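Structure below is entry-v4.cif: mmCIF, C-alpha atoms and all ligand atoms.
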```cif
data_target
loop_
_atom_site.label_atom_id
_atom_site.label_comp_id
_atom_site.auth_asym_id
_atom_site.auth_seq_id
_atom_site.Cartn_x
_atom_site.Cartn_y
_atom_site.Cartn_z
CA MET A 677 65.25 136.25 88.68
CA GLN A 678 63.10 133.78 90.65
CA LYS A 679 64.64 131.49 93.26
CA LYS A 680 64.34 127.77 92.49
CA ILE A 681 64.46 124.80 94.84
CA PRO A 682 67.93 123.20 94.43
CA PRO A 683 67.82 119.82 92.61
CA ALA A 684 69.52 118.11 95.58
CA VAL A 685 66.64 119.16 97.85
CA ILE A 686 64.06 117.97 95.31
CA ALA A 687 65.93 114.65 95.00
CA LEU A 688 65.88 114.16 98.77
CA LEU A 689 62.17 114.99 99.02
CA LEU A 690 61.44 112.47 96.26
CA GLN A 691 63.32 109.81 98.22
CA PHE A 692 60.96 110.38 101.14
CA VAL A 693 57.92 110.28 98.83
CA ALA A 694 59.18 107.05 97.21
CA PHE A 695 59.78 105.48 100.62
CA ALA A 696 56.28 106.45 101.80
CA LEU A 697 54.67 105.04 98.63
CA VAL A 698 56.52 101.71 98.70
CA PHE A 699 56.04 101.33 102.46
CA SER A 700 52.27 102.06 102.18
CA CYS A 701 51.84 99.52 99.35
CA VAL A 702 53.73 96.83 101.25
CA LYS A 703 51.60 97.42 104.37
CA LEU A 704 48.32 97.80 102.47
CA PHE A 705 48.66 94.59 100.46
CA GLY A 706 50.48 92.66 103.19
CA PHE A 707 53.50 91.82 100.94
CA ARG A 708 56.48 90.16 102.63
CA ILE A 709 59.63 91.30 100.83
CA ALA A 710 63.33 91.21 101.73
CA LEU A 711 65.05 94.47 102.69
CA PRO A 712 67.26 94.63 99.53
CA VAL A 713 64.15 94.26 97.34
CA PHE A 714 62.36 96.95 99.34
CA ALA A 715 65.41 99.23 98.90
CA LEU A 716 65.52 98.58 95.16
CA LEU A 717 61.79 99.36 94.83
CA CYS A 718 62.32 102.66 96.71
CA GLY A 719 65.15 103.48 94.30
CA LEU A 720 63.05 102.60 91.25
CA VAL A 721 60.10 104.73 92.37
CA ALA A 722 62.40 107.65 93.27
CA ALA A 723 64.05 107.44 89.83
CA VAL A 724 60.69 107.39 88.04
CA LEU A 725 59.42 110.37 90.07
CA SER A 726 62.67 112.24 89.32
CA ARG A 727 62.11 111.63 85.61
CA PHE A 728 58.63 113.15 85.95
CA VAL A 729 59.91 116.34 87.58
CA ASN A 730 62.66 116.64 84.93
CA LEU A 731 65.72 116.26 87.12
CA ALA A 732 68.90 115.96 85.01
CA SER A 733 69.63 112.43 83.79
CA TRP A 734 72.51 111.77 86.22
CA TRP A 735 70.07 112.26 89.11
CA LEU A 736 68.05 109.21 87.96
CA PHE A 737 71.10 107.02 88.48
CA ILE A 738 71.78 108.54 91.93
CA GLN A 739 68.11 108.21 92.91
CA LEU A 740 68.00 104.57 91.80
CA LEU A 741 71.04 103.57 93.85
CA PHE A 742 70.65 105.80 96.92
CA VAL A 743 68.56 103.54 99.21
CA PRO A 744 70.15 100.26 97.96
CA ALA A 745 73.57 101.81 98.71
CA LEU A 746 72.40 102.80 102.22
CA VAL A 747 71.28 99.22 102.88
CA ALA A 748 74.51 97.77 101.45
CA MET A 749 76.67 100.11 103.59
CA GLN A 750 74.68 99.12 106.68
CA GLY A 751 75.78 95.53 106.06
CA LEU A 752 79.48 96.50 105.96
CA ASP A 753 79.47 97.41 109.65
CA ILE A 754 81.63 100.52 109.18
CA PRO A 755 82.12 102.53 112.43
CA PRO A 756 79.79 105.59 112.47
CA ARG A 757 82.71 107.98 113.11
CA ILE A 758 84.09 107.18 109.62
CA PHE A 759 80.83 108.49 108.15
CA LEU A 760 80.99 111.56 110.40
CA VAL A 761 84.58 112.34 109.32
CA ALA A 762 83.72 111.78 105.63
CA PHE A 763 80.66 114.02 105.98
CA LEU A 764 82.62 116.82 107.69
CA LEU A 765 85.36 116.60 105.05
CA MET A 766 82.82 116.82 102.21
CA LEU A 767 81.11 119.72 103.97
CA ALA A 768 84.41 121.61 104.33
CA ILE A 769 85.25 121.09 100.64
CA TYR A 770 81.85 121.52 99.00
CA TRP A 771 80.00 123.63 101.61
CA SER A 772 76.80 124.87 99.95
CA ALA A 773 77.43 123.39 96.48
CA TYR A 774 74.08 121.56 96.87
CA ARG A 775 72.49 125.04 96.70
CA THR A 776 74.86 127.04 94.46
CA GLN A 777 75.39 124.09 92.07
CA VAL A 778 79.02 125.17 91.74
CA PRO A 779 81.31 122.42 93.08
CA LEU A 780 85.10 122.50 93.34
CA TYR A 781 87.05 121.55 90.22
CA LEU A 782 90.26 123.20 89.12
CA SER A 783 91.44 125.18 86.09
CA SER A 784 94.33 123.57 84.26
CA ASP A 785 97.78 125.19 84.10
CA LYS A 786 97.10 125.77 80.39
CA VAL A 787 94.17 128.02 81.42
CA TRP A 788 96.51 129.91 83.80
CA HIS A 789 98.93 130.52 80.90
CA ALA A 790 96.13 131.60 78.54
CA LEU A 791 94.94 134.09 81.19
CA GLU A 792 98.43 135.63 81.33
CA GLY A 793 97.95 136.82 77.75
CA LEU A 794 94.71 138.63 78.65
CA LEU A 795 96.07 140.71 81.55
CA PRO A 796 96.47 144.49 81.07
CA GLU A 797 99.97 145.82 80.40
CA THR A 798 100.50 147.35 83.82
CA GLY A 799 99.00 148.21 87.23
CA PHE A 800 95.70 146.34 87.41
CA ARG A 801 93.42 144.49 89.84
CA PHE A 802 92.25 140.94 89.07
CA ILE A 803 89.65 138.85 90.93
CA ASP A 804 88.94 135.12 90.74
CA LEU A 805 85.29 134.60 91.77
CA GLY A 806 85.23 131.26 93.58
CA SER A 807 89.01 130.92 93.80
CA GLY A 808 89.09 127.24 94.84
CA LEU A 809 92.57 126.19 95.96
CA GLY A 810 94.09 129.47 94.72
CA GLY A 811 96.00 127.96 91.78
CA VAL A 812 94.99 130.65 89.26
CA LEU A 813 95.85 133.46 91.68
CA LYS A 814 99.17 132.04 92.84
CA HIS A 815 100.40 131.47 89.32
CA LEU A 816 99.35 134.87 87.97
CA ALA A 817 100.59 136.76 91.04
CA SER A 818 104.00 135.06 90.66
CA VAL A 819 104.43 136.01 87.01
CA ARG A 820 102.86 139.51 87.22
CA SER A 821 104.21 141.34 90.25
CA ASP A 822 102.76 144.62 88.86
CA GLY A 823 99.15 143.41 89.34
CA PHE A 824 97.06 142.75 92.45
CA PHE A 825 95.28 139.40 92.60
CA GLN A 826 92.22 138.88 94.79
CA GLY A 827 90.29 135.68 95.43
CA ILE A 828 86.91 135.12 97.04
CA GLU A 829 85.91 131.63 98.16
CA TYR A 830 82.89 130.32 100.05
CA ALA A 831 83.92 126.77 101.01
CA PRO A 832 86.05 126.69 104.20
CA LEU A 833 88.77 124.17 103.28
CA PRO A 834 89.51 125.50 99.75
CA PHE A 835 89.52 129.03 101.22
CA LEU A 836 92.08 128.04 103.86
CA ILE A 837 94.32 126.27 101.32
CA GLY A 838 94.07 129.23 98.88
CA ARG A 839 94.82 131.73 101.65
CA LEU A 840 97.91 129.74 102.77
CA ARG A 841 99.20 129.32 99.20
CA CYS A 842 98.99 133.06 98.55
CA MET A 843 100.45 134.13 101.89
CA SER A 844 104.03 134.31 100.62
CA LEU A 845 103.02 136.76 97.84
CA GLN A 846 102.58 140.49 98.56
CA ASN A 847 100.24 141.00 95.62
CA CYS A 848 97.78 138.17 96.30
CA LYS A 849 94.99 137.75 98.83
CA VAL A 850 92.08 135.35 99.31
CA ASN A 851 89.01 136.31 101.35
CA TRP A 852 86.28 134.09 102.76
CA GLY A 853 82.83 135.08 101.54
CA SER A 854 80.34 135.05 98.72
CA LEU A 855 81.11 136.33 95.24
CA TRP A 856 77.67 137.96 95.25
CA ASP A 857 78.88 140.38 97.94
CA CYS A 858 81.94 141.57 95.93
CA ASN A 859 81.92 144.97 94.31
CA LEU A 860 83.18 144.22 90.78
CA ALA A 861 83.75 147.94 90.11
CA GLU A 862 87.08 147.58 91.95
CA TYR A 863 88.58 145.23 89.33
CA ASP A 864 90.07 145.54 85.86
CA VAL A 865 89.78 141.81 85.17
CA VAL A 866 87.08 139.54 86.62
CA PHE A 867 87.59 135.80 86.14
CA ALA A 868 85.04 133.07 86.88
CA TYR A 869 85.11 129.28 86.47
CA LEU A 870 81.80 128.25 88.01
CA SER A 871 79.00 126.27 86.29
CA PRO A 872 76.17 127.03 83.84
CA VAL A 873 73.78 127.78 86.75
CA PRO A 874 74.92 131.23 88.01
CA MET A 875 76.13 132.67 84.67
CA GLU A 876 73.06 134.70 83.72
CA ARG A 877 72.84 136.32 87.16
CA LEU A 878 76.61 136.88 87.24
CA MET A 879 76.64 138.66 83.88
CA PHE A 880 73.80 140.86 85.12
CA LYS A 881 75.95 141.79 88.13
CA ALA A 882 79.05 142.32 85.97
CA ARG A 883 77.20 144.64 83.57
CA ALA A 884 75.76 146.61 86.50
CA GLU A 885 79.05 147.05 88.38
CA MET A 886 82.10 146.74 86.10
CA ARG A 887 83.68 149.86 84.61
CA PRO A 888 83.72 150.43 80.81
CA GLY A 889 86.78 148.89 79.16
CA THR A 890 87.36 146.25 81.88
CA LEU A 891 87.34 142.50 81.13
CA PHE A 892 84.95 139.77 82.25
CA ILE A 893 86.29 136.27 81.54
CA SER A 894 84.35 133.04 82.03
CA SER A 895 86.17 129.78 81.68
CA THR A 896 84.04 127.31 79.71
CA PHE A 897 80.55 128.42 80.82
CA ALA A 898 78.58 130.60 78.44
CA VAL A 899 76.00 133.26 79.28
CA PRO A 900 72.58 132.68 77.69
CA GLU A 901 71.96 135.02 74.75
CA GLN A 902 75.15 137.04 75.32
CA ALA A 903 77.85 136.16 72.82
CA PRO A 904 81.39 136.90 74.04
CA ASP A 905 83.58 139.47 72.24
CA SER A 906 86.27 136.83 71.84
CA ARG A 907 86.95 133.17 72.62
CA ILE A 908 90.21 131.41 73.32
CA GLU A 909 90.26 127.64 72.92
CA VAL A 910 92.62 126.04 75.42
CA ASP A 911 94.05 122.69 74.49
CA ASP A 912 93.72 121.04 77.91
CA ILE A 913 92.18 117.89 79.34
CA HIS A 914 88.82 119.62 80.02
CA GLY A 915 88.64 121.20 76.53
CA SER A 916 88.35 124.61 78.23
CA THR A 917 87.40 127.78 76.38
CA LEU A 918 87.95 131.27 77.75
CA LEU A 919 84.98 133.49 76.90
CA VAL A 920 85.89 137.16 77.06
CA TRP A 921 83.60 140.19 77.28
CA ARG A 922 84.87 143.78 77.22
CA MET A 923 82.49 145.89 79.28
C1 LIG B 1001 84.97 125.29 89.62
S1 LIG B 1001 85.74 125.89 91.07
C2 LIG B 1001 86.96 126.97 90.38
C3 LIG B 1001 88.19 127.13 91.25
C4 LIG B 1001 89.24 128.11 90.70
N1 LIG B 1001 88.68 129.38 90.34
C5 LIG B 1001 89.92 127.54 89.49
O1 LIG B 1001 89.70 128.05 88.40
O2 LIG B 1001 90.69 126.59 89.65
C6 LIG B 1001 84.47 126.99 91.67
C7 LIG B 1001 84.67 127.45 93.10
O3 LIG B 1001 83.69 128.46 93.38
C8 LIG B 1001 83.30 128.34 94.75
N2 LIG B 1001 82.01 129.03 94.90
C9 LIG B 1001 80.80 128.62 94.45
N3 LIG B 1001 79.85 129.52 94.73
C10 LIG B 1001 80.48 130.54 95.37
C11 LIG B 1001 80.04 131.78 95.92
N4 LIG B 1001 78.76 132.15 95.86
N5 LIG B 1001 80.96 132.59 96.49
C12 LIG B 1001 82.26 132.22 96.55
N6 LIG B 1001 82.74 131.06 96.06
C13 LIG B 1001 81.85 130.23 95.47
C14 LIG B 1001 83.26 126.84 94.98
O4 LIG B 1001 83.36 126.55 96.36
C15 LIG B 1001 84.47 126.38 94.17
O5 LIG B 1001 85.63 126.32 94.97
#
```
Will you turn the file into C-alpha cells for me?
Ligand SMILES: C[S@@+](CC[C@H](N)C(=O)[O-])C[C@H]1O[C@@H](n2cnc3c(N)ncnc32)[C@H](O)[C@@H]1O
Amino acid sequence: MQKKIPPAVIALLLQFVAFALVFSCVKLFGFRIALPVFALLCGLVAAVLSRFVNLASWWLFIQLLFVPALVAMQGLDIPPRIFLVAFLLMLAIYWSAYRTQVPLYLSSDKVWHALEGLLPETGFRFIDLGSGLGGVLKHLASVRSDGFFQGIEYAPLPFLIGRLRCMSLQNCKVNWGSLWDCNLAEYDVVFAYLSPVPMERLMFKARAEMRPGTLFISSTFAVPEQAPDSRIEVDDIHGSTLLVWRM
C-alpha cells in the first residue's frame, strides 16, 4: 500500500503557495490593500487550490479562515505563552493525528455494554488498538475478571490517563506505542475504534496475524470490500455499529 502525503501537510503547503501568489500579485501590480483583505485573499486562494487537489470539503472551510484567524488573533494581544501551552496540550492529546488521521474520540458506554456480549465465555485476551482514555478496557476488565485486557495508545496524555485508570485492576494494562507494532496473534478479541483511513491496512494485518476462530471488531468504520460476518447496531449518540469478523 503506497504512502500518501497527509492532508494536513498538503493544506499547510497550499497556505504557503496561496500566500506567495497573493503577495506576488500585490507587489507586481502595486496594489495597496489592508491586512484583513490580504488575509482574506490568501484564504480564498488556499481554499480554491484545496478544491483543485480534492481535499475533503471541511478543509476548504479551514483553509479559507486560517490566515484571517491568524490576523484576528494577532489583534487580540494574547500572551504568547497561552499559545505555547495550548499547542503543547493539543500535541499531548492528539500527537501524530495529523499523520495517522485517527484523532481521539470516545466509545459510548452503550458500546462497552455491547462488547460485553461478544467476549468469549472464559479465559481470553482482549486488545483495544488505540485505547484512548482506557474507558473500554476499564469497564470490560471490571465486569470480566476472567479475561486479560490490553490497551495500546500512541498519544502521551491519553496513554497516561488510560494507564492510571487501569492501574487498580490486575487484569488490565495499557502500553505506550503504535498499534502497528502489536502482534495480534496473542489475542482472542481485537477491538478498534479508529477512522476510515487505516481500516484496509489494519484488516490486512489482522488476517495475516490473528488465529482462526478469533474475533476482529471495528466500531463504526468499515473495511473496503470486506463485509463483516455480523453487525450490531448500538443505539447511542454516535449511531455506532459494531462490525464483527471471525477469522
Ligand atoms: C477514536 S479513539 C478511540 C479510543 C478508545 N478505543 C475508545 O473506543 O474510546 C482512537 C485512538 O487511537 C489512537 N491511535 C491512533 N493511531 C494510533 C496508532 N498507530 N497506535 C496507537 N494508537 C493510535 C489515538 O491517539 C486515539 O486515542
CA of Ser726 (chain A) to atom N6 of ligand LIG 1001 (chain B), straight-line distance in Å
28.3 Å
Each residue of chain A with at least one atom at most 8 Å from ligand LIG 1001 (chain B) should appear once, together with its nearest atom pair and the corresponding distance in Å (one decimal); atoms considered: only C-alpha atoms and all ligand atoms; ordering: chain, then increasing residue number; output as JSON lines.
```
{"residue": "A:Ile769", "atom": "CA", "partner": "B:LIG1001", "partner_atom": "O4", "distance": 7.2}
{"residue": "A:Tyr770", "atom": "CA", "partner": "B:LIG1001", "partner_atom": "O4", "distance": 5.9}
{"residue": "A:Trp771", "atom": "CA", "partner": "B:LIG1001", "partner_atom": "O4", "distance": 6.9}
{"residue": "A:Ser772", "atom": "CA", "partner": "B:LIG1001", "partner_atom": "N3", "distance": 7.6}
{"residue": "A:Ala773", "atom": "CA", "partner": "B:LIG1001", "partner_atom": "C9", "distance": 6.5}
{"residue": "A:Thr776", "atom": "CA", "partner": "B:LIG1001", "partner_atom": "N3", "distance": 5.6}
{"residue": "A:Gln777", "atom": "CA", "partner": "B:LIG1001", "partner_atom": "C9", "distance": 7.4}
{"residue": "A:Val778", "atom": "CA", "partner": "B:LIG1001", "partner_atom": "C9", "distance": 4.7}
{"residue": "A:Pro779", "atom": "CA", "partner": "B:LIG1001", "partner_atom": "C15", "distance": 5.2}
{"residue": "A:Leu780", "atom": "CA", "partner": "B:LIG1001", "partner_atom": "C15", "distance": 4.0}
{"residue": "A:Tyr781", "atom": "CA", "partner": "B:LIG1001", "partner_atom": "C1", "distance": 4.3}
{"residue": "A:Leu782", "atom": "CA", "partner": "B:LIG1001", "partner_atom": "O2", "distance": 3.5}
{"residue": "A:Ser783", "atom": "CA", "partner": "B:LIG1001", "partner_atom": "O2", "distance": 3.9}
{"residue": "A:Ser784", "atom": "CA", "partner": "B:LIG1001", "partner_atom": "O2", "distance": 7.2}
{"residue": "A:Asp804", "atom": "CA", "partner": "B:LIG1001", "partner_atom": "N1", "distance": 5.8}
{"residue": "A:Leu805", "atom": "CA", "partner": "B:LIG1001", "partner_atom": "N6", "distance": 6.1}
{"residue": "A:Gly806", "atom": "CA", "partner": "B:LIG1001", "partner_atom": "O3", "distance": 3.2}
{"residue": "A:Ser807", "atom": "CA", "partner": "B:LIG1001", "partner_atom": "N1", "distance": 3.8}
{"residue": "A:Gly808", "atom": "CA", "partner": "B:LIG1001", "partner_atom": "O5", "distance": 3.6}
{"residue": "A:Leu809", "atom": "CA", "partner": "B:LIG1001", "partner_atom": "C3", "distance": 6.5}
{"residue": "A:Gly810", "atom": "CA", "partner": "B:LIG1001", "partner_atom": "C4", "distance": 6.4}
{"residue": "A:Gly811", "atom": "CA", "partner": "B:LIG1001", "partner_atom": "O2", "distance": 5.9}
{"residue": "A:Val812", "atom": "CA", "partner": "B:LIG1001", "partner_atom": "O2", "distance": 5.9}
{"residue": "A:Ile828", "atom": "CA", "partner": "B:LIG1001", "partner_atom": "C12", "distance": 5.5}
{"residue": "A:Glu829", "atom": "CA", "partner": "B:LIG1001", "partner_atom": "N6", "distance": 3.8}
{"residue": "A:Tyr830", "atom": "CA", "partner": "B:LIG1001", "partner_atom": "C12", "distance": 4.0}
{"residue": "A:Ala831", "atom": "CA", "partner": "B:LIG1001", "partner_atom": "O4", "distance": 4.7}
{"residue": "A:Pro834", "atom": "CA", "partner": "B:LIG1001", "partner_atom": "O5", "distance": 6.2}
{"residue": "A:Phe835", "atom": "CA", "partner": "B:LIG1001", "partner_atom": "O5", "distance": 7.8}
{"residue": "A:Trp852", "atom": "CA", "partner": "B:LIG1001", "partner_atom": "C12", "distance": 7.6}
{"residue": "A:Gly853", "atom": "CA", "partner": "B:LIG1001", "partner_atom": "C12", "distance": 5.8}
{"residue": "A:Ser854", "atom": "CA", "partner": "B:LIG1001", "partner_atom": "N5", "distance": 3.4}
{"residue": "A:Leu855", "atom": "CA", "partner": "B:LIG1001", "partner_atom": "N5", "distance": 3.9}
{"residue": "A:Trp856", "atom": "CA", "partner": "B:LIG1001", "partner_atom": "N4", "distance": 5.9}
{"residue": "A:Phe867", "atom": "CA", "partner": "B:LIG1001", "partner_atom": "N1", "distance": 7.7}
{"residue": "A:Ala868", "atom": "CA", "partner": "B:LIG1001", "partner_atom": "N1", "distance": 6.2}
{"residue": "A:Tyr869", "atom": "CA", "partner": "B:LIG1001", "partner_atom": "C2", "distance": 4.9}
{"residue": "A:Leu870", "atom": "CA", "partner": "B:LIG1001", "partner_atom": "C1", "distance": 4.6}
{"residue": "A:Ser871", "atom": "CA", "partner": "B:LIG1001", "partner_atom": "C1", "distance": 6.9}
{"residue": "A:Ser895", "atom": "CA", "partner": "B:LIG1001", "partner_atom": "O1", "distance": 7.8}
```
May I have the residues within 12 Å of region 897-902 of chain A as a PyMOL selection string, using all atoms listed in the file and disregarding those fewer than 2 positions away in the same chain?
chain A and resi 778+867-880+882-883+892-895+904-907+915-922
Out of A:Cys858, A:Leu752, A:Val698, A:Met843, which residue has the shortest atom-to-atom distance to Phe714 (chain A) when counting all atoms listed in the file?
A:Val698
Which residue, A:Leu690, A:Ile913, A:Leu791, A:Leu891, has the smallest gap to Val729 (chain A) when you use only C-alpha atoms?
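Of the candidates, the smallest distance to Val729 (chain A) is held by A:Leu690.
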Kindly give the distance, in Å, that separates CA of Cys842 (chain A) and CA of Asp911 (chain A), rounded to a single decimal.
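CA of Asp911 (chain A) lies 26.7 Å from CA of Cys842 (chain A).
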Around all the atoms of region 842-851 of chain A listed in the file, draw an axis-aligned box and extend it by 3 Å on each of the six sides; I want its centre and edge lengths in Å to one decimal, as AutoDock Vina command-line options.
```
--center_x 96.5 --center_y 137.0 --center_z 98.8 --size_x 21.0 --size_y 13.9 --size_z 12.3
```
Taking all atoms listed in the file into account, name the residue in A:Leu860, A:Leu760, A:Leu813, A:Leu720 that is nearest to Leu840 (chain A).
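Ranking A:Leu860, A:Leu760, A:Leu813, A:Leu720 by distance to Leu840 (chain A), first place goes to A:Leu813.
You will find CA of Gln846 (chain A) at 26.8 Å from CA of Ala768 (chain A).
For the set A:Pro744, A:Gly706, A:Gly719, A:Pro712, the residue with the smallest atom-to-atom gap to Ala694 (chain A) is A:Gly719, counting all atoms listed in the file.
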Between A:His789, A:Arg775, A:Arg841, A:Arg727, which is the closest to Val685 (chain A) once you count all atoms listed in the file?
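Closest to Val685 (chain A) of all the choices is A:Arg775.
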As a ChimeraX atom specification, please: the residues near Ser821 (chain A) (cut-off 9 Å, all atoms listed in the file, same-chain neighbours under 4 positions excluded).
/A:816-817,845-847
Using all atoms listed in the file, find each residue in region 847-902 of chain A having at least one atom no more than 12 Å away from region 796-799 of chain A; report its shortest atom-to-atom pair and that distance in Å (one decimal), rows by chain then rising number, as JSON lines.
```
{"residue": "A:Asn847", "atom": "CA", "partner": "A:Gly799", "partner_atom": "CA", "distance": 11.1}
{"residue": "A:Tyr863", "atom": "CA", "partner": "A:Gly799", "partner_atom": "CA", "distance": 11.0}
{"residue": "A:Asp864", "atom": "CA", "partner": "A:Pro796", "partner_atom": "CA", "distance": 8.1}
{"residue": "A:Val865", "atom": "CA", "partner": "A:Pro796", "partner_atom": "CA", "distance": 8.3}
{"residue": "A:Val866", "atom": "CA", "partner": "A:Pro796", "partner_atom": "CA", "distance": 12.0}
{"residue": "A:Gly889", "atom": "CA", "partner": "A:Pro796", "partner_atom": "CA", "distance": 10.8}
{"residue": "A:Thr890", "atom": "CA", "partner": "A:Pro796", "partner_atom": "CA", "distance": 9.3}
{"residue": "A:Leu891", "atom": "CA", "partner": "A:Pro796", "partner_atom": "CA", "distance": 9.3}
```
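Using all atoms listed in the file, the smallest distance between any of A:Leu697, A:Leu765, A:His815, A:Ile738 and Pro683 (chain A) comes from A:Ile738.
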Write out as a list in words which residues come within 7 Å of Phe824 (chain A) when counting all atoms listed in the file, dropping same-chain ones fewer than 3 positions away.
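Everything that qualifies: Phe800, Arg801, Phe802, Asn847 and Cys848 of chain A.
Excluding region 885-887 of chain A and any residue on its chain fewer than 6 positions from it, the residues at most 7 Å away by only C-alpha atoms are Asn859, Leu860, Ala861 and Met923 of chain A.
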